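Enquirer: Structure below; questions to follow.
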Amino acid sequence: MDVLEAVAEKIKESRYLVAFTGAGISKESGIPTFRGKDGLWAKYDPEELASWRGFLKNPKLVWEWYTWRMDLIGKAKPNPAHLGLAKLEKVGILKAVITQNVDGLHRRAGNKKVLELHGNIWRVKCVSCDFKDKVKEPPKEVPPKCPKCGSLLRPDVVWFGEPLPRDVWTEAVMEAMKSDVLLVIGTSGLVAPASMVPTMAHQRGSSIVEINPEDTPISSMAEIKVRSPAGSFFKELIERLRI
Ligand code: APR
Ligand code: ZN
């Protein structure tokens, strides 16, 4: 049985299918990943651009970087991998997407149950008061100021060293533990605590299907390893599943 057939069977037999995704699922939408040869962290210093300390030191620089990413993400479209997960949810097979991505492409593809562990680039929040807002485009002036108290606004994303949103994390752990099949798509599995999701699912007996052109620390837990780009694989998978 080829890997496509094996994954199709796994999905058809699943009782509680959950997906766990990383930056690799958005690569074929034109959004760079973080690690790997052409990844963002090869060009920029994550400490400087994706940390509270870096933001305090130079909020303008950090907002210029997020403005660049928002422009890029704003032009991006969901690719067949995002759309395939939306179809799987629509037909009642996929129960949840747990994502590390902040690009919002899973919701744009049509998924309803999306647990964003690292926040969302289209939300901003005040560094001082409880002001939060959804935005459709990058701020006109950088760094933007809070309309309520005048302090700085920041992207509502989780930076290195910051805690994940507690309610989202709790729900993600519950979903992973309930899964009998976990699709692990496009993640290097290097950033905790998010990277613990596949391990927790595996420990509860969930069967791991890894979709990633490269090996990762998750590969040793994977029952099926799909060594292809997610977009092109899902194109064939959805045809094979006839959904
Ligand atoms: N399809 C599937 N996987 C792919 C594709 C593709 N077309 N292209 C690349 N990949 C894989 C890479 O092999 C790599 O394993 O996607 C993975 C991307 O890994 P990272 O860039 O480390 O992204 P991610 O795992 O999501 O990073 C986790 O780190 O920087 C923080 O907060 C940031 O959420 C991010 C977290
Ligand atoms: Zn404020």
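All residue names refer to the structure tokens as shown: chains lettered A, B, ... in order, residues numbered from 1 in each chain, ligands numbered from 1 in order.
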I'd like the neighbourhood of A:Ile224 as a list of chain:residue names, where a residue qualifies if any of its atoms comes within 12 Å (using only C-alpha atoms), though same-chain residues fewer than 5 positions away should be ignored.

Expert: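 Surrounding residues, per the criterion: A:Met1, A:Asp2, A:Val3, A:Leu4, A:Glu5, A:Ala6, A:Val7, A:Ala8, A:Glu9, A:Lys10, A:Ile11, A:Val181, A:Leu182, A:Leu183, A:Val184, A:Ile185, A:Ser207, A:Ile208, A:Val209, A:Glu210, A:Ile211, A:Asn212, A:Ile218, A:Ser219.
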
Enquirer: Write out as a PyMOL selection string the residues lying within 10 Å of stretch 107-121 of chain A, counting only C-alpha atoms and excluding same-chain residues fewer than 6 positions away.

Expert: chain A and resi 19-21+66-67+69-70+73+77-90+94-101+134-138+154-160+162-172+175+193-194

Enquirer: With only C-alpha atoms and all ligand atoms as the basis for distance, which of A:Leu105, A:Ala222, A:Leu61, A:Val124 is at the shortest distance from ligand 2?

Expert: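 Between A:Leu105, A:Ala222, A:Leu61, A:Val124, the residue approaching ligand 2 most closely is A:Val124.
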
Enquirer: Could you pull out the strand (DSSP E or B) residues of stretch 11-184 of chain A from DSSP and send them as a ChimeraX atom specification?

Expert: /A:17-21,94-99,114-116,119-126,132-134,145,152-157,181-184

Enquirer: Quick one: write out the picked residues with N, CA and C atoms as a CSV table (one decimal), in the first residue's frame?

Expert:
chain,number,residue,atom,x,y,z
A,17,LEU,N,-10.1,12.6,14.6
A,17,LEU,CA,-9.0,13.1,13.9
A,17,LEU,C,-8.7,14.5,14.3
A,18,VAL,N,-7.4,14.8,14.7
A,18,VAL,CA,-7.0,16.2,15.0
A,18,VAL,C,-5.8,16.5,14.2
A,19,ALA,N,-5.6,17.8,13.8
A,19,ALA,CA,-4.4,18.2,13.1
A,19,ALA,C,-3.6,19.1,14.0
A,20,PHE,N,-2.3,19.0,13.9
A,20,PHE,CA,-1.3,19.9,14.6
A,20,PHE,C,-0.4,20.5,13.5
A,21,THR,N,-0.4,21.8,13.4
A,21,THR,CA,0.3,22.4,12.2
A,21,THR,C,1.3,23.4,12.6
A,94,LEU,N,-12.5,15.7,10.7
A,94,LEU,CA,-11.5,16.4,11.5
A,94,LEU,C,-12.2,17.2,12.6
A,95,LYS,N,-11.8,17.0,13.8
A,95,LYS,CA,-12.5,17.6,15.0
A,95,LYS,C,-11.9,18.9,15.4
A,96,ALA,N,-10.5,19.1,15.1
A,96,ALA,CA,-9.9,20.4,15.5
A,96,ALA,C,-8.6,20.6,14.8
A,97,VAL,N,-8.2,21.8,14.6
A,97,VAL,CA,-6.8,22.1,14.2
A,97,VAL,C,-6.1,22.9,15.3
A,98,ILE,N,-5.0,22.3,15.7
A,98,ILE,CA,-4.2,23.0,16.7
A,98,ILE,C,-3.0,23.6,16.0
A,99,THR,N,-2.9,24.9,15.9
A,99,THR,CA,-1.8,25.5,15.1
A,99,THR,C,-0.9,26.4,15.9
A,114,VAL,N,-10.3,26.1,15.4
A,114,VAL,CA,-8.9,26.4,15.2
A,114,VAL,C,-8.3,26.9,16.5
A,115,LEU,N,-7.4,26.2,17.1
A,115,LEU,CA,-6.8,26.6,18.4
A,115,LEU,C,-5.4,27.2,18.1
A,116,GLU,N,-5.3,28.5,18.2
A,116,GLU,CA,-4.1,29.2,17.8
A,116,GLU,C,-3.2,29.4,19.1
A,119,GLY,N,-1.2,32.8,19.2
A,119,GLY,CA,-1.9,34.0,18.9
A,119,GLY,C,-2.1,34.2,17.4
A,120,ASN,N,-2.4,35.5,17.0
A,120,ASN,CA,-2.8,35.8,15.7
A,120,ASN,C,-2.3,37.2,15.3
A,121,ILE,N,-1.7,37.2,14.1
A,121,ILE,CA,-1.0,38.5,13.7
A,121,ILE,C,-2.1,39.6,13.4
A,122,TRP,N,-3.3,39.2,13.2
A,122,TRP,CA,-4.4,40.1,12.9
A,122,TRP,C,-5.1,40.6,14.2
A,123,ARG,N,-4.4,40.4,15.3
A,123,ARG,CA,-5.0,41.0,16.6
A,123,ARG,C,-3.9,41.8,17.2
A,124,VAL,N,-4.3,42.9,17.8
A,124,VAL,CA,-3.3,43.8,18.6
A,124,VAL,C,-3.8,43.9,20.0
A,125,LYS,N,-2.9,44.2,20.9
A,125,LYS,CA,-3.3,44.4,22.3
A,125,LYS,C,-2.4,45.5,22.9
A,126,CYS,N,-2.9,46.2,24.0
A,126,CYS,CA,-2.2,47.2,24.6
A,126,CYS,C,-1.2,46.6,25.6
A,132,LYS,N,-7.9,45.5,23.4
A,132,LYS,CA,-7.5,44.5,22.3
A,132,LYS,C,-8.3,44.8,21.1
A,133,ASP,N,-7.8,44.5,19.9
A,133,ASP,CA,-8.6,44.8,18.7
A,133,ASP,C,-8.2,43.9,17.6
A,134,LYS,N,-9.1,43.7,16.7
A,134,LYS,CA,-8.8,42.9,15.4
A,134,LYS,C,-8.4,44.0,14.4
A,145,LYS,N,-0.3,53.4,18.9
A,145,LYS,CA,-0.6,53.8,20.3
A,145,LYS,C,-2.0,53.3,20.6
A,152,LEU,N,1.8,51.8,24.3
A,152,LEU,CA,2.1,51.1,23.0
A,152,LEU,C,1.1,49.9,22.8
A,153,LEU,N,0.8,49.7,21.5
A,153,LEU,CA,0.1,48.5,21.1
A,153,LEU,C,1.1,47.5,20.6
A,154,ARG,N,0.9,46.2,20.8
A,154,ARG,CA,1.8,45.2,20.3
A,154,ARG,C,1.0,44.1,19.6
A,155,PRO,N,1.6,43.3,18.8
A,155,PRO,CA,0.9,42.2,18.1
A,155,PRO,C,0.4,41.2,19.2
A,156,ASP,N,-0.8,40.7,19.0
A,156,ASP,CA,-1.3,39.7,20.0
A,156,ASP,C,-0.8,38.3,19.7
A,157,VAL,N,0.5,38.2,19.7
A,157,VAL,CA,1.1,36.9,19.4
A,157,VAL,C,2.0,36.5,20.6
A,181,VAL,N,-6.1,9.7,15.9
A,181,VAL,CA,-5.1,10.0,14.9
A,181,VAL,C,-4.8,11.4,14.9
A,182,LEU,N,-3.5,11.7,14.9
A,182,LEU,CA,-3.0,13.1,14.9
A,182,LEU,C,-2.2,13.4,13.6
A,183,LEU,N,-2.6,14.3,12.8
A,183,LEU,CA,-1.9,14.7,11.6
A,183,LEU,C,-0.9,15.8,12.0
A,184,VAL,N,0.4,15.6,11.9
A,184,VAL,CA,1.4,16.6,12.3
A,184,VAL,C,2.0,17.1,11.1

Enquirer: Which value, in Å to one decimal, gives the distance between atom CA of A:Gly161 and atom CA of A:Trp52?

Expert: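 We find that atom CA of A:Gly161 and atom CA of A:Trp52 lie 8.2 Å from each other.
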
Enquirer: Throw together the list of residues within 6 Å of ligand 2, counting only C-alpha atoms and all ligand atoms, and drop it here as an MDAnalysis selection string.

Expert: chainID A and resid 126 128:129 131 146 148:151

Enquirer: Could you please take those selected residues and save all heavy atoms as an mmCIF file, in the first residue's frame?

Expert:
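As written to disk, part-v3.cif reads:
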data_model
loop_
_atom_site.group_PDB
_atom_site.id
_atom_site.type_symbol
_atom_site.label_atom_id
_atom_site.label_comp_id
_atom_site.auth_asym_id
_atom_site.auth_seq_id
_atom_site.Cartn_x
_atom_site.Cartn_y
_atom_site.Cartn_z
ATOM 1 N N CYS A 126 -2.945 46.175 23.967
ATOM 2 C CA CYS A 126 -2.191 47.235 24.636
ATOM 3 C C CYS A 126 -1.204 46.627 25.637
ATOM 4 O O CYS A 126 -1.489 45.605 26.259
ATOM 5 C CB CYS A 126 -3.168 48.160 25.369
ATOM 6 S SG CYS A 126 -2.323 49.478 26.261
ATOM 7 N N SER A 128 -0.384 48.057 28.293
ATOM 8 C CA SER A 128 -0.706 48.513 29.663
ATOM 9 C C SER A 128 -2.132 48.186 30.080
ATOM 10 O O SER A 128 -2.334 47.609 31.152
ATOM 11 C CB SER A 128 -0.543 50.042 29.766
ATOM 12 O OG SER A 128 0.698 50.421 29.310
ATOM 13 N N CYS A 129 -3.126 48.523 29.240
ATOM 14 C CA CYS A 129 -4.514 48.304 29.701
ATOM 15 C C CYS A 129 -5.101 47.076 29.018
ATOM 16 O O CYS A 129 -4.357 46.341 28.347
ATOM 17 C CB CYS A 129 -5.346 49.564 29.398
ATOM 18 S SG CYS A 129 -5.754 49.770 27.648
ATOM 19 N N PHE A 131 -7.051 46.872 26.516
ATOM 20 C CA PHE A 131 -7.518 47.095 25.138
ATOM 21 C C PHE A 131 -7.007 46.018 24.183
ATOM 22 O O PHE A 131 -5.817 45.662 24.205
ATOM 23 C CB PHE A 131 -7.037 48.470 24.635
ATOM 24 C CG PHE A 131 -7.411 48.740 23.187
ATOM 25 C CD1 PHE A 131 -8.685 49.183 22.838
ATOM 26 C CD2 PHE A 131 -6.481 48.484 22.170
ATOM 27 C CE1 PHE A 131 -9.026 49.400 21.511
ATOM 28 C CE2 PHE A 131 -6.824 48.692 20.837
ATOM 29 C CZ PHE A 131 -8.098 49.158 20.500
ATOM 30 N N CYS A 146 -2.187 52.968 21.935
ATOM 31 C CA CYS A 146 -3.483 52.498 22.417
ATOM 32 C C CYS A 146 -4.477 53.674 22.406
ATOM 33 O O CYS A 146 -4.174 54.731 22.976
ATOM 34 C CB CYS A 146 -3.324 51.959 23.837
ATOM 35 S SG CYS A 146 -4.889 51.573 24.631
ATOM 36 N N LYS A 148 -7.078 53.839 24.016
ATOM 37 C CA LYS A 148 -7.730 53.975 25.325
ATOM 38 C C LYS A 148 -6.807 54.682 26.315
ATOM 39 O O LYS A 148 -7.200 55.535 27.068
ATOM 40 C CB LYS A 148 -8.071 52.552 25.844
ATOM 41 C CG LYS A 148 -9.420 52.451 26.547
ATOM 42 C CD LYS A 148 -9.744 50.982 26.827
ATOM 43 C CE LYS A 148 -10.276 50.793 28.234
ATOM 44 N NZ LYS A 148 -10.448 49.380 28.594
ATOM 45 N N CYS A 149 -5.513 54.305 26.315
ATOM 46 C CA CYS A 149 -4.638 54.870 27.370
ATOM 47 C C CYS A 149 -3.380 55.525 26.816
ATOM 48 O O CYS A 149 -2.565 56.041 27.555
ATOM 49 C CB CYS A 149 -4.283 53.772 28.365
ATOM 50 S SG CYS A 149 -3.034 52.639 27.724
ATOM 51 N N GLY A 150 -3.167 55.392 25.499
ATOM 52 C CA GLY A 150 -2.005 56.082 24.917
ATOM 53 C C GLY A 150 -0.708 55.296 24.972
ATOM 54 O O GLY A 150 0.311 55.695 24.416
ATOM 55 N N SER A 151 -0.761 54.103 25.660
ATOM 56 C CA SER A 151 0.482 53.291 25.694
ATOM 57 C C SER A 151 0.711 52.633 24.340
ATOM 58 O O SER A 151 -0.070 52.801 23.409
ATOM 59 C CB SER A 151 0.337 52.172 26.737
ATOM 60 O OG SER A 151 0.253 52.709 28.006
#

Enquirer: Using atom CA of A:Val127 and atom 30 (O, counted along the ligand's line) of ligand 1 as the two end points, give the distance in Å to one decimal.

Expert: 21.3 Å

Enquirer: Of the residues A:Tyr16, A:Trp68, A:Trp63, A:Phe55, which is the one nearest to A:Pro32, using only C-alpha atoms?

Expert: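 Using only C-alpha atoms, A:Pro32 sits closest to A:Trp68.
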
Enquirer: Please return as a ChimeraX atom specification the residues found within 6 Å of ligand 1, counting only C-alpha atoms and all ligand atoms.

Expert: /A:22-25,27-28,33-35,100-101,185-189,191,211-214,229-230

Enquirer: Between atom CA of A:Pro217 and atom CA of A:Ala192, measure the distance and give it in Å to one decimal.

Expert: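 Value for the atom CA of A:Pro217-atom CA of A:Ala192 distance: 12.2 Å.
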
Enquirer: Could you pull out the helix (DSSP H, G or I) residues of stretch 65-210 of chain A, going by DSSP on the backbone, and write them as a PyMOL selection string?

Expert: chain A and resi 65-75+80-90+105-109+166-178+196-203

Enquirer: Rank A:Ser26, A:Arg204, A:Val91, A:Gly54 by their smallest atom-to-atom distance to A:Gly104, using only C-alpha atoms, and report the top residue only.

Expert: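 The shortest atom-to-atom distance to A:Gly104 comes from A:Ser26.
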